[in-house]
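Below is the file input_28.json, which contains JSON, C-alpha atoms.
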```json
[["chain", "number", "residue", "atom", "x", "y", "z"],
["A", 1, "MET", "CA", 0.00, 0.00, 0.00],
["A", 2, "ARG", "CA", 2.95, 2.35, 0.59],
["A", 3, "LEU", "CA", 4.23, 1.67, -2.93],
["A", 4, "LEU", "CA", 0.77, 2.50, -4.25],
["A", 5, "ALA", "CA", 0.74, 5.74, -2.23],
["A", 6, "PHE", "CA", 4.19, 6.62, -3.57],
["A", 7, "GLU", "CA", 3.02, 6.08, -7.16],
["A", 8, "ALA", "CA", 0.07, 8.42, -6.56],
["A", 9, "LEU", "CA", 2.31, 11.13, -5.11],
["A", 10, "ARG", "CA", 4.71, 10.85, -8.05],
["A", 11, "ALA", "CA", 1.81, 11.32, -10.47],
["A", 12, "VAL", "CA", 0.69, 14.44, -8.60],
["A", 13, "ASP", "CA", 4.22, 15.86, -8.65],
["A", 14, "GLU", "CA", 5.30, 14.86, -12.16],
["A", 15, "ARG", "CA", 2.06, 15.39, -14.08],
["A", 16, "ALA", "CA", 0.20, 17.84, -11.82],
["A", 17, "ALA", "CA", -2.45, 15.11, -11.68],
["A", 18, "TYR", "CA", -5.52, 15.26, -9.43],
["A", 19, "ALA", "CA", -5.00, 12.81, -6.57],
["A", 20, "ASN", "CA", -8.71, 11.95, -6.53],
["A", 21, "LEU", "CA", -8.48, 10.89, -10.19],
["A", 22, "VAL", "CA", -5.15, 9.06, -9.92],
["A", 23, "LEU", "CA", -5.85, 7.04, -6.79],
["A", 24, "PRO", "CA", -9.01, 5.07, -7.73],
["A", 25, "PRO", "CA", -7.43, 3.26, -10.73],
["A", 26, "LEU", "CA", -4.42, 2.36, -8.60],
["A", 27, "LEU", "CA", -6.69, 0.96, -5.88],
["A", 28, "LYS", "CA", -8.71, -0.99, -8.45],
["A", 29, "LYS", "CA", -5.56, -2.49, -9.96],
["A", 30, "ALA", "CA", -4.26, -3.44, -6.52],
["A", 31, "ARG", "CA", -7.57, -5.06, -5.59],
["A", 32, "GLU", "CA", -7.65, -7.12, -8.78],
["A", 33, "ASN", "CA", -3.98, -8.16, -8.78],
["A", 34, "SER", "CA", -3.06, -8.55, -5.12],
["A", 35, "GLY", "CA", -6.26, -8.98, -3.13],
["A", 36, "PHE", "CA", -6.28, -5.52, -1.55],
["A", 37, "GLU", "CA", -8.84, -5.41, 1.26],
["A", 38, "ALA", "CA", -10.95, -2.47, 2.42],
["A", 39, "ARG", "CA", -8.57, -1.72, 5.31],
["A", 40, "ASP", "CA", -5.60, -1.64, 2.93],
["A", 41, "ALA", "CA", -7.44, 0.75, 0.63],
["A", 42, "ALA", "CA", -8.40, 3.00, 3.55],
["A", 43, "LEU", "CA", -4.79, 3.21, 4.76],
["A", 44, "ALA", "CA", -3.44, 3.87, 1.26],
["A", 45, "THR", "CA", -6.02, 6.63, 0.83],
["A", 46, "GLU", "CA", -5.06, 8.23, 4.13],
["A", 47, "LEU", "CA", -1.35, 8.07, 3.26],
["A", 48, "VAL", "CA", -1.91, 9.86, -0.04],
["A", 49, "TYR", "CA", -4.40, 12.53, 1.04],
["A", 50, "GLY", "CA", -2.87, 13.04, 4.49],
["A", 51, "THR", "CA", 0.61, 13.53, 3.05],
["A", 52, "LEU", "CA", -0.68, 16.03, 0.49],
["A", 53, "ARG", "CA", -2.77, 17.94, 3.04],
["A", 54, "ARG", "CA", 0.20, 18.47, 5.34],
["A", 55, "GLN", "CA", 2.91, 18.73, 2.68],
["A", 56, "GLY", "CA", 3.90, 22.30, 3.56],
["A", 57, "THR", "CA", 4.35, 21.41, 7.22],
["A", 58, "TYR", "CA", 6.27, 18.22, 6.45],
["A", 59, "ASP", "CA", 8.55, 20.07, 4.02],
["A", 60, "ALA", "CA", 9.49, 22.52, 6.80],
["A", 61, "ILE", "CA", 10.23, 19.66, 9.20],
["A", 62, "ILE", "CA", 12.23, 17.67, 6.65],
["A", 63, "SER", "CA", 14.19, 20.80, 5.79],
["A", 64, "ALA", "CA", 15.20, 21.14, 9.44],
["A", 65, "CYS", "CA", 16.57, 17.59, 9.41],
["A", 66, "ILE", "CA", 18.86, 17.81, 6.39],
["A", 67, "ASP", "CA", 22.03, 19.74, 5.61],
["A", 68, "ARG", "CA", 21.07, 21.03, 2.16],
["A", 69, "PRO", "CA", 18.29, 23.14, 0.66],
["A", 70, "LEU", "CA", 15.11, 21.19, 0.08],
["A", 71, "ARG", "CA", 15.21, 22.00, -3.64],
["A", 72, "GLU", "CA", 18.43, 19.98, -3.94],
["A", 73, "VAL", "CA", 16.75, 16.77, -2.76],
["A", 74, "ASP", "CA", 15.36, 14.62, -5.57],
["A", 75, "PRO", "CA", 11.54, 14.78, -5.68],
["A", 76, "PRO", "CA", 11.07, 10.99, -5.34],
["A", 77, "VAL", "CA", 13.17, 11.08, -2.17],
["A", 78, "LEU", "CA", 11.04, 13.91, -0.82],
["A", 79, "ASP", "CA", 7.89, 11.91, -1.53],
["A", 80, "VAL", "CA", 9.19, 8.94, 0.48],
["A", 81, "LEU", "CA", 10.25, 11.26, 3.30],
["A", 82, "ALA", "CA", 6.87, 13.01, 3.33],
["A", 83, "LEU", "CA", 5.06, 9.66, 3.43],
["A", 84, "GLY", "CA", 7.23, 8.63, 6.35],
["A", 85, "ALA", "CA", 6.72, 11.95, 8.12],
["A", 86, "HIS", "CA", 2.95, 11.62, 7.82],
["A", 87, "GLN", "CA", 3.04, 8.11, 9.30],
["A", 88, "LEU", "CA", 5.18, 9.35, 12.19],
["A", 89, "LEU", "CA", 3.39, 12.63, 12.91],
["A", 90, "GLY", "CA", -0.10, 12.28, 11.48],
["A", 91, "THR", "CA", -1.19, 8.70, 12.14],
["A", 92, "ARG", "CA", -1.23, 6.16, 14.95],
["A", 93, "ILE", "CA", 1.20, 3.85, 13.16],
["A", 94, "PRO", "CA", 3.93, 2.83, 15.64],
["A", 95, "THR", "CA", 7.24, 4.63, 15.18],
["A", 96, "HIS", "CA", 9.31, 1.52, 14.41],
["A", 97, "ALA", "CA", 6.78, 0.35, 11.83],
["A", 98, "ALA", "CA", 6.58, 3.77, 10.15],
["A", 99, "VAL", "CA", 10.36, 4.06, 9.87],
["A", 100, "SER", "CA", 11.05, 0.47, 8.80],
["A", 101, "ALA", "CA", 8.25, 0.42, 6.20],
["A", 102, "SER", "CA", 9.40, 3.75, 4.74],
["A", 103, "VAL", "CA", 13.01, 2.62, 4.55],
["A", 104, "GLU", "CA", 11.95, -0.60, 2.82],
["A", 105, "LEU", "CA", 9.92, 1.48, 0.34],
["A", 106, "ALA", "CA", 13.01, 3.63, -0.25],
["A", 107, "ARG", "CA", 15.11, 0.53, -0.98],
["A", 108, "VAL", "CA", 12.59, -0.60, -3.57],
["A", 109, "VAL", "CA", 12.05, 2.70, -5.38],
["A", 110, "LEU", "CA", 15.28, 4.61, -4.67],
["A", 111, "GLY", "CA", 18.04, 2.08, -3.98],
["A", 112, "ASP", "CA", 20.10, 1.21, -0.91],
["A", 113, "GLY", "CA", 22.17, 4.40, -0.85],
["A", 114, "ARG", "CA", 19.26, 6.80, -0.66],
["A", 115, "ALA", "CA", 17.40, 4.42, 1.66],
["A", 116, "LYS", "CA", 20.12, 5.10, 4.25],
["A", 117, "PHE", "CA", 19.49, 8.83, 3.85],
["A", 118, "VAL", "CA", 15.74, 8.28, 4.33],
["A", 119, "ASN", "CA", 16.42, 6.21, 7.44],
["A", 120, "ALA", "CA", 18.61, 8.92, 8.98],
["A", 121, "VAL", "CA", 16.11, 11.72, 8.31],
["A", 122, "LEU", "CA", 13.08, 9.79, 9.56],
["A", 123, "ARG", "CA", 14.87, 8.81, 12.75],
["A", 124, "LYS", "CA", 15.49, 12.51, 13.42],
["A", 125, "ILE", "CA", 11.84, 13.29, 12.78],
["A", 126, "SER", "CA", 10.70, 10.47, 15.07],
["A", 127, "ARG", "CA", 12.39, 12.03, 18.11],
["A", 128, "ASP", "CA", 9.60, 14.59, 18.60],
["A", 129, "ASP", "CA", 5.86, 14.85, 18.06],
["A", 130, "LEU", "CA", 4.13, 17.23, 15.66],
["A", 131, "ASP", "CA", 3.48, 19.99, 18.22],
["A", 132, "THR", "CA", 7.14, 20.04, 19.26],
["A", 133, "TRP", "CA", 8.27, 20.22, 15.64],
["A", 134, "LEU", "CA", 5.87, 23.08, 14.91],
["A", 135, "GLN", "CA", 7.26, 25.08, 17.82],
["A", 136, "ARG", "CA", 10.71, 24.55, 16.33],
["A", 137, "VAL", "CA", 10.17, 25.20, 12.62],
["A", 138, "ALA", "CA", 7.33, 27.74, 12.47],
["A", 139, "PRO", "CA", 8.34, 31.42, 12.66],
["A", 140, "PRO", "CA", 7.00, 33.15, 15.80],
["A", 141, "TYR", "CA", 3.49, 34.49, 15.25],
["A", 142, "ASP", "CA", 4.44, 37.94, 16.54],
["A", 143, "GLU", "CA", 7.24, 38.24, 13.98],
["A", 144, "ASP", "CA", 5.46, 36.93, 10.89],
["A", 145, "ALA", "CA", 1.85, 35.91, 11.45],
["A", 146, "GLU", "CA", 1.12, 34.74, 7.92],
["A", 147, "ASP", "CA", 4.26, 32.61, 7.63],
["A", 148, "HIS", "CA", 3.59, 31.13, 11.07],
["A", 149, "LEU", "CA", 0.07, 30.12, 10.04],
["A", 150, "ALA", "CA", 1.30, 28.83, 6.67],
["A", 151, "VAL", "CA", 3.74, 26.41, 8.32],
["A", 152, "VAL", "CA", 1.51, 25.36, 11.23],
["A", 153, "HIS", "CA", -1.56, 24.77, 9.06],
["A", 154, "SER", "CA", 0.19, 23.69, 5.85],
["A", 155, "HIS", "CA", -1.27, 26.31, 3.52],
["A", 156, "PRO", "CA", 0.68, 28.43, 1.04],
["A", 157, "ARG", "CA", 1.29, 31.89, 2.43],
["A", 158, "TRP", "CA", -0.72, 33.55, -0.34],
["A", 159, "VAL", "CA", -3.72, 31.35, 0.51],
["A", 160, "VAL", "CA", -3.47, 32.29, 4.18],
["A", 161, "SER", "CA", -3.34, 35.96, 3.19],
["A", 162, "ALA", "CA", -6.31, 35.70, 0.83],
["A", 163, "LEU", "CA", -8.46, 33.78, 3.31],
["A", 164, "TRP", "CA", -7.61, 36.17, 6.13],
["A", 165, "ASP", "CA", -8.51, 39.18, 3.98],
["A", 166, "ALA", "CA", -11.81, 37.57, 3.00],
["A", 167, "LEU", "CA", -12.64, 36.49, 6.54],
["A", 168, "GLY", "CA", -11.56, 39.57, 8.45],
["A", 169, "GLY", "CA", -11.28, 39.43, 12.22],
["A", 170, "GLY", "CA", -8.44, 38.27, 14.42],
["A", 171, "ARG", "CA", -6.27, 35.24, 14.87],
["A", 172, "ALA", "CA", -8.88, 32.84, 16.26],
["A", 173, "GLY", "CA", -11.11, 33.00, 13.20],
["A", 174, "ILE", "CA", -8.41, 32.34, 10.64],
["A", 175, "GLU", "CA", -6.91, 29.51, 12.70],
["A", 176, "ASP", "CA", -10.33, 27.85, 13.02],
["A", 177, "LEU", "CA", -10.80, 28.14, 9.25],
["A", 178, "LEU", "CA", -7.37, 26.70, 8.43],
["A", 179, "GLU", "CA", -7.82, 23.85, 10.91],
["A", 180, "ALA", "CA", -11.21, 23.00, 9.40],
["A", 181, "ASP", "CA", -9.70, 23.09, 5.93],
["A", 182, "ASN", "CA", -7.22, 20.39, 7.00],
["A", 183, "GLU", "CA", -9.83, 18.01, 8.40],
["A", 184, "ARG", "CA", -10.11, 14.74, 6.55],
["A", 185, "PRO", "CA", -13.39, 14.96, 4.62],
["A", 186, "GLU", "CA", -15.91, 12.17, 4.59],
["A", 187, "VAL", "CA", -16.28, 10.28, 1.34],
["A", 188, "THR", "CA", -19.78, 10.94, 0.02],
["A", 189, "LEU", "CA", -21.57, 8.95, -2.65],
["A", 190, "VAL", "CA", -24.40, 10.07, -4.90],
["A", 191, "ALA", "CA", -27.14, 7.64, -5.87],
["A", 192, "ARG", "CA", -28.04, 8.74, -9.39],
["A", 193, "PRO", "CA", -31.83, 8.97, -9.70],
["A", 194, "GLY", "CA", -33.48, 6.34, -11.86],
["A", 195, "ARG", "CA", -30.38, 4.18, -11.63],
["A", 196, "SER", "CA", -29.91, 3.62, -7.90],
["A", 197, "THR", "CA", -31.19, 4.93, -4.60],
["A", 198, "ALA", "CA", -29.62, 6.03, -1.34],
["A", 199, "GLU", "CA", -31.48, 3.20, 0.36],
["A", 200, "GLU", "CA", -29.85, 0.66, -1.96],
["A", 201, "LEU", "CA", -26.38, 1.97, -1.16],
["A", 202, "LEU", "CA", -27.09, 2.01, 2.57],
["A", 203, "ASP", "CA", -28.29, -1.59, 2.45],
["A", 204, "VAL", "CA", -25.08, -2.68, 0.71],
["A", 205, "LEU", "CA", -22.81, -0.73, 3.05],
["A", 206, "GLY", "CA", -24.56, -1.66, 6.30],
["A", 207, "GLU", "CA", -25.23, 0.63, 9.24],
["A", 208, "ASP", "CA", -21.61, 0.50, 10.44],
["A", 209, "SER", "CA", -20.18, 1.80, 7.16],
["A", 210, "GLY", "CA", -22.80, 4.12, 5.69],
["A", 211, "LEU", "CA", -24.98, 7.01, 6.81],
["A", 212, "PRO", "CA", -27.56, 9.11, 4.93],
["A", 213, "GLY", "CA", -26.45, 12.49, 3.66],
["A", 214, "ARG", "CA", -27.18, 15.58, 5.73],
["A", 215, "TRP", "CA", -28.70, 17.70, 2.97],
["A", 216, "SER", "CA", -28.99, 15.89, -0.35],
["A", 217, "PRO", "CA", -31.64, 13.16, -0.73],
["A", 218, "TYR", "CA", -29.25, 11.29, -3.02],
["A", 219, "ALA", "CA", -26.23, 11.32, -0.67],
["A", 220, "VAL", "CA", -24.69, 8.52, 1.36],
["A", 221, "ARG", "CA", -21.67, 9.09, 3.59],
["A", 222, "LEU", "CA", -18.96, 6.43, 3.98],
["A", 223, "THR", "CA", -18.06, 6.44, 7.65],
["A", 224, "GLU", "CA", -15.04, 4.16, 7.22],
["A", 225, "GLY", "CA", -13.63, 5.62, 4.00],
["A", 226, "GLY", "CA", -12.15, 2.86, 1.88],
["A", 227, "GLU", "CA", -12.62, 2.25, -1.82],
["A", 228, "PRO", "CA", -15.93, 3.37, -3.37],
["A", 229, "GLY", "CA", -14.96, 1.74, -6.66],
["A", 230, "ALA", "CA", -15.41, -1.68, -5.05],
["A", 231, "LEU", "CA", -19.19, -1.12, -4.89],
["A", 232, "ASP", "CA", -21.16, -2.58, -7.80],
["A", 233, "ALA", "CA", -23.31, 0.56, -8.15],
["A", 234, "VAL", "CA", -20.20, 2.74, -8.51],
["A", 235, "ARG", "CA", -18.49, 0.37, -10.95],
["A", 236, "GLU", "CA", -21.64, 0.29, -13.07],
["A", 237, "GLY", "CA", -22.02, 4.09, -13.09],
["A", 238, "ARG", "CA", -25.32, 4.00, -11.18],
["A", 239, "ALA", "CA", -23.68, 5.84, -8.30],
["A", 240, "GLY", "CA", -20.52, 7.89, -7.89],
["A", 241, "VAL", "CA", -18.38, 9.89, -5.52],
["A", 242, "GLN", "CA", -19.71, 13.44, -5.15],
["A", 243, "ASP", "CA", -19.76, 15.84, -2.20],
["A", 244, "GLU", "CA", -23.12, 17.11, -1.03],
["A", 245, "GLY", "CA", -22.38, 20.71, -2.01],
["A", 246, "SER", "CA", -21.89, 19.65, -5.62],
["A", 247, "GLN", "CA", -25.08, 17.59, -5.47],
["A", 248, "LEU", "CA", -27.06, 20.57, -4.18],
["A", 249, "VAL", "CA", -25.78, 22.77, -7.02],
["A", 250, "ALA", "CA", -27.05, 20.26, -9.57],
["A", 251, "ILE", "CA", -30.39, 19.88, -7.78],
["A", 252, "ALA", "CA", -30.86, 23.64, -7.61],
["A", 253, "LEU", "CA", -30.11, 24.01, -11.31],
["A", 254, "ALA", "CA", -32.49, 21.20, -12.25],
["A", 255, "ASP", "CA", -35.27, 22.77, -10.16],
["A", 256, "ALA", "CA", -34.79, 26.31, -11.50],
["A", 257, "PRO", "CA", -37.96, 27.70, -13.14],
["A", 258, "LEU", "CA", -37.79, 27.96, -16.92],
["A", 259, "GLU", "CA", -39.79, 29.56, -19.68],
["A", 260, "GLY", "CA", -40.32, 27.37, -22.69],
["A", 261, "ALA", "CA", -39.30, 23.79, -23.32],
["A", 262, "ASP", "CA", -36.92, 22.12, -20.86],
["A", 263, "ALA", "CA", -35.08, 20.29, -23.63],
["A", 264, "ARG", "CA", -31.44, 21.44, -23.77],
["A", 265, "TRP", "CA", -29.07, 21.83, -20.86],
["A", 266, "LEU", "CA", -25.60, 23.35, -21.01],
["A", 267, "ASP", "CA", -23.08, 22.86, -18.19],
["A", 268, "GLY", "CA", -20.73, 25.81, -18.61],
["A", 269, "CYS", "CA", -18.45, 24.98, -15.68],
["A", 270, "ALA", "CA", -17.83, 21.27, -16.10],
["A", 271, "GLY", "CA", -15.08, 19.74, -13.96],
["A", 272, "PRO", "CA", -14.42, 16.55, -12.02],
["A", 273, "GLY", "CA", -17.20, 17.24, -9.48],
["A", 274, "GLY", "CA", -19.87, 14.96, -10.96],
["A", 275, "LYS", "CA", -22.57, 17.59, -11.50],
["A", 276, "ALA", "CA", -23.11, 16.70, -15.17],
["A", 277, "ALA", "CA", -23.63, 13.02, -14.31],
["A", 278, "LEU", "CA", -26.24, 13.91, -11.68],
["A", 279, "LEU", "CA", -27.95, 16.36, -14.04],
["A", 280, "ALA", "CA", -28.09, 13.64, -16.71],
["A", 281, "ALA", "CA", -29.71, 11.25, -14.25],
["A", 282, "LEU", "CA", -32.24, 13.89, -13.16],
["A", 283, "ALA", "CA", -33.01, 14.64, -16.81]]
```
Produce structure tokens that represent the structure in this file.
Amino acid sequence: MRLLAFEALRAVDERAAYANLVLPPLLKKARENSGFEARDAALATELVYGTLRRQGTYDAIISACIDRPLREVDPPVLDVLALGAHQLLGTRIPTHAAVSASVELARVVLGDGRAKFVNAVLRKISRDDLDTWLQRVAPPYDEDAEDHLAVVHSHPRWVVSALWDALGGGRAGIEDLLEADNERPEVTLVARPGRSTAEELLDVLGEDSGLPGRWSPYAVRLTEGGEPGALDAVREGRAGVQDEGSQLVAIALADAPLEGADARWLDGCAGPGGKAALLAALA
């Protein structure tokens, strides 16, 4: 699963790929070829998304543990280090397991020489917890508030600045917003009308793994994460992954009053959010 996570991170770095589009095919391939289970898929997903969410913070910590500028470290090495840092500082994986598994990954994808470098850096990182590292690597708030928040909450400085300007107010508000932005989101499915129902998805998932959506009548929330592509309804296109906000946009558009025939629809802001698929099902 760590090799799979590494492959996803390389795709994001090398091709500027969307992680949410790269990861599902990798999970599907792993399930078909090596018997990946739901727990394996959930951990691989957390490794990819968790590492990307906290990349700015992990870069600052890694930089403090090496004797060269970060830009001089090969990107694949940085990906392995960031994966290891997330396991050490952002998960409950035991320290020895996080280090040994990351070093073994480095041997496979980087070679023995660079695996020794990975081992040395991760052992330095493992000496302290995340809060201690943040106190060490983040600039003092009183000296540079935006840079402090950027490192602590792993957001680019310009994003911190833009959000703070839009939000207004003091420190508490912007910190609450940045913390919320780093929360792991629930995976939400959409049951496409006429093709599946929320009740069908809930029956398949069971009460321990699925909950109804909060706002959309077509939404089902996956409480355990995992691999949506393993569900028959998702594989068959009768359901898909789509956040409730995106679902509500499509529902609002479909319910908008019209003059004349409701015969042609144009989606002028199509992206990977799934709105067109839901609109097609509603149509």
Legend entry - Residue with smallest distance to Glu104 in chain A - pool A:Arg221, A:Arg2, A:Arg92, A:Arg157, counting all atoms listed in the file: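 Smallest separation from Glu104 in chain A among the options: A:Arg2.
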Inset, instruction - Please check which residues have atoms at most 10 Å from (5.1, 7.5, 3.5) in the file's coordinates, counting all atoms listed in the file, and write them as a PyMOL selection string. - result: chain A and resi 1-3+5-6+9+44+47-48+50-51+78-88+98-99+101-103+105-106
Glu207 in chain A surroundings by only C-alpha atoms, 12 Å radius, close-in-sequence under 3 positions cut, as a compact mmCIF listing (two decimals) with C-alpha atoms, in the frame of the given file:
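Generated file (around-v7.txt):
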```txt
# COMPACT_ATOMS: atom_id res chain seq x y z
CA GLU A 199 -31.48 3.20 0.36
CA LEU A 201 -26.38 1.97 -1.16
CA LEU A 202 -27.09 2.01 2.57
CA ASP A 203 -28.29 -1.59 2.45
CA VAL A 204 -25.08 -2.68 0.71
CA GLY A 210 -22.80 4.12 5.69
CA LEU A 211 -24.98 7.01 6.81
CA PRO A 212 -27.56 9.11 4.93
CA VAL A 220 -24.69 8.52 1.36
CA ARG A 221 -21.67 9.09 3.59
CA LEU A 222 -18.96 6.43 3.98
CA THR A 223 -18.06 6.44 7.65
CA GLU A 224 -15.04 4.16 7.22
```
Inset, instruction - For Thr57 in chain A, list every protein, DNA or RNA residue within 10 Å, evaluated using all atoms listed in the file, and leave out those in the same chain fewer than 5 positions away; present the list as a VMD selection string. - result: chain A and resid 51 to 52 62 to 63 82 85 to 86 130 133 to 134 137 to 138 150 to 155
Inset, instruction - Point out the residue among A:Ala11, A:Leu189, A:Ala263, A:Leu253 with the least atom-to-atom distance to Ala233 in chain A, counting all atoms listed in the file. - result: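 Using all atoms listed in the file, Ala233 in chain A sits closest to A:Leu189.
Closest to Glu227 in chain A among A:Val159, A:Ala30, A:Ala17, A:Ala42 is A:Ala42, based on all atoms listed in the file.
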Legend entry - Two-atom distance - CA of Leu178 in chain A, CA of Leu163 in chain A (Å): 8.8 Å
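The closest residue to Tyr58 in chain A, picked from A:Ala38, A:Ile125, A:Val12, A:Ala180 and counting only C-alpha atoms, is A:Ile125.
Going from CA of Leu122 in chain A over to CA of Glu179 in chain A, you cover 25.2 Å.
The closest residue to Ala60 in chain A, picked from A:Gln135, A:Ser100, A:Ser126, A:Ser34 and counting all atoms listed in the file, is A:Gln135.
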Inset, instruction - Find, counting all atoms listed in the file, the residue in A:Gly260, A:Pro228, A:Gly268, A:Gly274 that gets nearest to Leu23 in chain A. - result: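 Using all atoms listed in the file, Leu23 in chain A sits closest to A:Pro228.
CA of Trp265 in chain A to CA of Pro24 in chain A spans 29.3 Å [interatomic distance, one decimal].
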Legend entry - Close residues, range 143-146 of chain A itself excluded, 7 Å, only C-alpha atoms, min 2 positions apart in chain, as an NGL selection string: :A and (139-141 or 148-150 or 157 or 160-161)
